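Here is the structure we will look at, set down as structure tokens.
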Amino acid sequence: MHFHLDHRTAEDIFKHTVELAREYCPEWTKDWPENVNEINTKDFRVVVLKLFSELSETIIEQLNILPYKYLVAFLDLMGVYPLPAEPAKVPLSFTIAEGATSTYVPFRTQVASSENGDVIFETQEGLSVFHTPLQQIVSLNPWFGQFTNHPLILEEQQQGFYIFGKDDKEQYIPHKMYLGDSMIFSSEKPVDIKIKIIGSAKNFLPYFSIWKDSTGKVYEPKNKVGEEEFELTFEGIGPLEKSVVNGIEDYWLSVEPDFTEVKISEEVILPKISRVSADLKVSNLLLDSAIANDSSVEIEKGFYPFGETPKKLDTCYIASHNFAKTGAQISMNINLQEDLPHINPTSYTVAKSDIKDLFLLKRRLISNSRISKHLQTKFSAELKGEIDKAEEPDQVSEKVLEALNAMIDSEGLLYDKKAFKDVVLREEARYYVYSSDVEERDVKHINRLLLEDIFHTELQKHVEVELSWEYWNGERWLSLEEKETVDKEKDPKDEREVEDEFEVADKREVEDEEDAREDENEVEDEFLAVEKSKKAKSFEFQDDTQGLTKSGRITFVCPAMKSVEINGVKHYWIRARISSGTYGIPGKYLKTRNILEILDGWDDIANILIKEGITGGVRYQTPEYTPPFIENVVMDITFREKEFSHIQSHSNFEYFIHDQQKTFYPYRPVIGENPSLYFGFNKNVGGIAYTLYFAMREIYNDKDIRTLVKSTSKKNGIASAAVTWKYFDGTTWKTLEVENGDSFFGSGEITKFFIPKNIQPMHKFGKSLYWIKVEIEGDKVVSPSLKGIHFNSVWAKNSVTITNEILGSSNHTPNLKFQLTQTPILKNQQLIVHESKLVPNEERELLFAEEGQDAIFTKEGKTWVRWHEVLDFSGSTPFSRHYTLNRQDGTITFGDGLKGMIPSAGKDNIVAKIYSSGGGRSGNVSIGTVSSLTINIANIDSVNNYAVALGGNDQESLDDAVKRGPQTIKSKDRVVTKEDYEWLALMASQEVAKAKYIDSNRGEVTIAIVPSDESEIYPKKALLDNVREYLQKRALLTITEGIRVIGPRYQKVNIITEIVPTSVTEIAQVEEKCLRFLSNFLHPTKGGRDQKGWEFGSRILIADVVRILNSVENVVSIKKITVEKVQEGVVAETAYGSNQGWITLEADALPIAGNIQINITA
């Protein structure tokens, strides 16, 4: 910084002197040429003038420097001196050796840079290093229902993270409802399921949106939303896999909210559920096994359920694992090979299928036999004629059926004792015809029986059969049928007393072995023994097959079955037993009085026997079994509003099992908490004092600042930076005493805390750990951005400490000088002098005011006094114990007795009790370089710096001090005006190249600073924090919290130019140089017209761009230039022309090179 009174150089003076010589000494200069540059410099006259010019320049230089010297003297008088060197400061984190639990790092432990061993850092205090069983670091953001798992160790490729909330890897707190049921979800193939949720919710859909099974497969059900219910239809779901949720094994389906539409937080009204049920149907399921009596059957080939000759108490067993699904509606779809309409008929009408021998039936129906003539009276003679004439089978069948059904429908019974004399009737038929209480409804039934006995070989007999369907309950077989099973009444026909004497006489003779076996079984009938006097539970049993006589469906509500072993197979079984009747008529011999009936078709033989007097005998009735044959059985299983076996939710990292008889909330928010940072330890850390360094990530733009605001907050303005540290004592969260607990908000300090011994583990975030949490206060917070969290950390400075260095002996002469051995000297040195006499009281007061009450002390019987450093002796008195220190070379100077006291004489009585040497920009080392311990420390594995070392500055130059001085005097180290903020921001650190006051909201002060390091265009956070702290100390108390120090705003500047080079061969070189020159020209700190950087809001002239391009070698001409200002990605201003025009940057912006296009033309 220099003020020039005269700008002339020696050349300027020489030219002016020549002009004066030509004017006043023409004879002397008449032979000189007109052009001064052509004058012979060896000419004696010229030499004299040259010497005079050089001498004059020297004098002008001395004159020009006078204002500077006067300014220096003035600043010296005002106490403005070059600032001393500053040491870089860095946090060091120590790692304890594996297996060790604790160790100690002494105060002033030295750690050298791995890149430059001469750069040494000293720890600023002793550090107890402990093993840190840290298991998890989690940020909880309950305002938005989110959390973040932070890395314990940040990998190099990772960019850092935000704590409390808004991190890129932030997730929603898990909230899931689980529905578990083995009956609903264990089907062997996909099924359709309808789930109904009844309750209250502002909107069901987003809260029950994402459905998954245990494998993670996503289902997209159709939904129907009502005011108090929500129906979801799943098509083709399953089969699901069995899994374990919260220790419960089942088939699980989960649902969670769509967090893009809703959030789970304290201030939101969440859905409440009163009931969850499911409807589903599983179709076309096959049986697992079947047994007919005692024989296993091959289901896939079809089978006779009761064998080919079924009889009473024959049993068919059917097995399926689906019978374990209690409460399900079971539907067995049974397909028979053919229906059996004659068994358990629903009508007495004769059908075409009932006719076994059509033409024999025709002959007998129109014959002249006694019984035929009787029957012909029951239908018209005309019909008889039509039957007689009919020849085609269809015609015959039609007319015969018409006649038979006319007889069945006739009024009254067909029975006539005389006409039926030769007809052998069955017991049942005999009972009815001899009974006196035949009801009208029984007439058709009896007539059908009579016709079957008349035409016993031509017509299919109707047979009744009754089945009993049963299940095993773990103790016995119980009925599935919905009816009361009392002691079974005997059939009325078994109580009859009217019997034909002829049949009674022969009954014992004709009873076959099958009837005898049937009687034995009846005695041992398990069914009758179990079912007597028992009322069956209602299982909605329905048999559409009518006792397996036709294809149809058997349905029932599945009871609580137990597995049982049948025929060596343990399974879930049901069984069908023939409880009465059968599927046909067994063969037997019947007594008859009509020999013609016995020898039907053998009339000649019958007539011979009649002549011999044999008119009756025994007729064998052939067996007429028509057993059902099941071709296949497929099952359908249906649930209607079935409640799930298990409903539980995983909400806010905890599981909740829900009682389905009560209403419940499936999702539970975090209650009563603000955003917090949690540290989880897997071992008890009670009784340990930890140090913790939060390595901050650099934030260069406002867009990278992320602010959390509670949605219900009505507060505006500055975000809170207050936090509370807490630990869990087994019952509640207790406050933890912490030093620098808010360091992650920018203070840059190391956090220290002691964990009480009563800390207890708690289950949080899915893990049972010893938790410490840091909870913010207030409704608004700026999320700190970190590069890492490091335990066992301590501050270290780029300095070497020397203690008790003897400087020499005083001989009590004025202006004594001594030399410190290590330079440069940093602040806070202590110089002590041994004085032989006691310090007088009046001198003590002055000394204590300057150095404190401990300035005088006794050691080994000697009195030592700590003297006070001053910048100069201008304010010193004969009693001032003052000295000056040249920090650059280490020279200490004492006063002359008038201005500053002379140390008393003594041997080795001048001692540097302590001082530090070091500092400078060389200490600003990068991350991971301060890692070399100069001594070995037991159980220390390694040391490292996870942040750059900052603050190292060389001693201020005189020119810089002169620049700073006037503003220092003006502001008196206080900030009031905008200019004060800018100047003091520059004075805060030599790392600040430029500072700009940015207009902002009322009550706020915003300063943008530019780093002096040309390789970095954005300041580091530590520098921002240092400048902010520096300004806060010098600002009014009412504004300190509103001071913001930020990085600069840059505006891209595009330059498009078209130039002509000297040669085609120079194109590449010219293009490269033009790009480099223009990029340097636009550099914020080294560009501009004078290469000293740009000011905020500068104009960028096209003329300057032209000048830069013309300075490039081999550029012949510039044809075209366009300069563009880019704002938010869009060109906001454009300047054209060859030597005129400009663009103007925004008032708070600096330029930076954008798109530079160099177009080369011929």
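Convention: chains lettered A, B, ... in structure tokens order; per-chain residue numbering from 1; ligands numbered from 1 as shown.
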Notebook entry, point to check: Running DSSP on the backbone, which parts of range 931-1039 of chain A land in strand (DSSP E or B), as a list in words?
Noted result: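 Taking range 931-1039 of chain A and keeping strand (DSSP E or B) only, one gets Ser931, Ser932, Leu933, Ile940, Asp941, Ser942, Val943, Asn944, Leu950, Asn953, Val992, Ala993, Lys994, Ala995, Lys996, Tyr997, Ile998, Val1005, Thr1006, Ile1007, Ala1008, Ile1009, Val1010 and Pro1011 of chain A.
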Checklist line | Exercise: Ile937 in chain A partners within 9 Å, only C-alpha atoms, chain neighbours under 3 positions left out, as a list of chain:residue names | finding: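 Result of the neighbour search: A:Thr103, A:Tyr104, A:Val105, A:Pro106, A:Leu933, A:Ile940, A:Asp941.
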Item checked: Selection: 10 Å around Asp354 in chain A, only C-alpha atoms, excl. self and same-chain fewer than 5 positions, as a VMD selection string -> chain A and resid 341 to 342 349 401 452 458 to 462
Next item on the list: For Glu231 in chain A, please output as a ChimeraX atom specification all residues within 8 Å (counting only C-alpha atoms; exclusion window: fewer than 6 positions along the same chain).
Entry: /A:194-197,223-225
Can those selected residues be exported to a file as a compact mmCIF listing (two decimals), in the first residue's frame so that it contains N, CA and C atoms?
```txt
# COMPACT_ATOMS: atom_id res chain seq x y z
N LYS A 194 -61.07 -62.02 0.24
CA LYS A 194 -61.58 -60.68 0.53
C LYS A 194 -61.35 -60.40 2.01
N ILE A 195 -60.61 -59.35 2.28
CA ILE A 195 -60.32 -58.95 3.66
C ILE A 195 -61.13 -57.69 3.96
N LYS A 196 -61.81 -57.72 5.09
CA LYS A 196 -62.63 -56.58 5.48
C LYS A 196 -62.08 -56.01 6.79
N ILE A 197 -61.80 -54.71 6.75
CA ILE A 197 -61.31 -54.00 7.93
C ILE A 197 -62.41 -53.04 8.36
N ASN A 223 -59.87 -52.51 -4.11
CA ASN A 223 -60.36 -52.03 -2.82
C ASN A 223 -61.68 -51.31 -2.97
N LYS A 224 -62.40 -51.33 -1.89
CA LYS A 224 -63.68 -50.63 -1.80
C LYS A 224 -63.70 -49.95 -0.44
N VAL A 225 -63.73 -48.63 -0.47
CA VAL A 225 -63.61 -47.85 0.76
C VAL A 225 -64.97 -47.33 1.17
```
Check: What lies within 10 Å of range 815-825 of chain A using only C-alpha atoms, ignoring chain neighbours under 3 positions off, as a PyMOL selection string?
Finding: chain A and resi 84-86+799-802+805-812+828-829+883-897+899-903+910-912+915-920+954-955
Checklist line | For Thr1085 in chain A, the nearest of the candidates A:Arg1107, A:Arg448, A:Lys703, A:Lys994, counting only C-alpha atoms | finding: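 Selected residue with least distance to Thr1085 in chain A: A:Lys994.
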Item checked: Test item: residues at most 12 Å from Gly99 in chain A, only C-alpha atoms, excluding those fewer than 6 positions along its chain, as a PyMOL selection string -> chain A and resi 130-133+939-941
Output for the residues just chosen: C-alpha atoms as an mmCIF file, in the first residue's frame:
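Output saved as part.cif:
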```cif
data_model
loop_
_atom_site.group_PDB
_atom_site.id
_atom_site.type_symbol
_atom_site.label_atom_id
_atom_site.label_comp_id
_atom_site.auth_asym_id
_atom_site.auth_seq_id
_atom_site.Cartn_x
_atom_site.Cartn_y
_atom_site.Cartn_z
ATOM 1 C CA PHE A 130 -11.655 -45.943 26.350
ATOM 2 C CA HIS A 131 -12.860 -48.896 24.363
ATOM 3 C CA THR A 132 -16.116 -47.776 22.727
ATOM 4 C CA PRO A 133 -18.655 -50.598 22.276
ATOM 5 C CA ASN A 939 -2.425 -49.591 24.188
ATOM 6 C CA ILE A 940 -2.781 -46.889 21.535
ATOM 7 C CA ASP A 941 -3.275 -48.522 18.166
#
```
Note to self: Between CA of Ile153 in chain A and CA of Ile120 in chain A, what distance in Å does the model show, to one decimal?
What the structure shows: 26.2 Å
Report as a tab-separated table: every residue of range 637-725 of chain A with an atom at most 8 Å from range 762-777 of chain A, its closest pair of atoms, and their distance in Å to one decimal, counting only C-alpha atoms, with rows sorted by chain and ascending residue number.
```
residue	atom	partner	partner_atom	distance
A:Asn652	CA	A:Phe765	CA	7.6
A:Phe653	CA	A:Phe765	CA	5.1
A:Glu654	CA	A:Gly766	CA	6.9
A:Glu673	CA	A:Glu775	CA	7.8
A:Asn674	CA	A:Ile776	CA	6.1
A:Pro675	CA	A:Glu775	CA	6.0
A:Ser676	CA	A:Glu775	CA	4.2
A:Leu677	CA	A:Val774	CA	5.0
A:Tyr678	CA	A:Lys773	CA	4.3
A:Phe679	CA	A:Ile772	CA	5.1
A:Gly680	CA	A:Trp771	CA	4.5
A:Phe681	CA	A:Tyr770	CA	5.0
A:Asn682	CA	A:Leu769	CA	5.2
A:Lys683	CA	A:Tyr770	CA	6.8
A:Asn684	CA	A:Tyr770	CA	6.5
A:Val685	CA	A:Tyr770	CA	7.6
A:Ser720	CA	A:Glu777	CA	6.7
A:Ala721	CA	A:Ile776	CA	7.3
A:Ala722	CA	A:Glu777	CA	5.5
A:Val723	CA	A:Ile776	CA	4.2
A:Thr724	CA	A:Glu775	CA	5.2
A:Trp725	CA	A:Val774	CA	4.5
```
Next item on the list: Between A:Tyr665, A:Phe14, A:Trp983, A:Tyr1050, single out the one closest to Tyr1018 in chain A, counting only C-alpha atoms.
Entry: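 Of the candidates, the smallest distance to Tyr1018 in chain A is held by A:Tyr1050.
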Check: When distances are computed from only C-alpha atoms, which of A:His834, A:Gly568, A:Val90, A:Glu850 shows the smallest separation from Ile750 in chain A?
Finding: A:Val90
Checklist line | Option closest in space to Gly474 in chain A, from A:Thr260, A:Ser563, A:Asn284, A:Ser1117 [counting only C-alpha atoms] | finding: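 Distance minimum relative to Gly474 in chain A lands on A:Ser563.
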Notebook entry, point to check: Pick from A:Asn607, A:Gln830, A:Ser274, A:Thr123: nearest to Thr663 in chain A, with only C-alpha atoms counted?
Noted result: A:Ser274
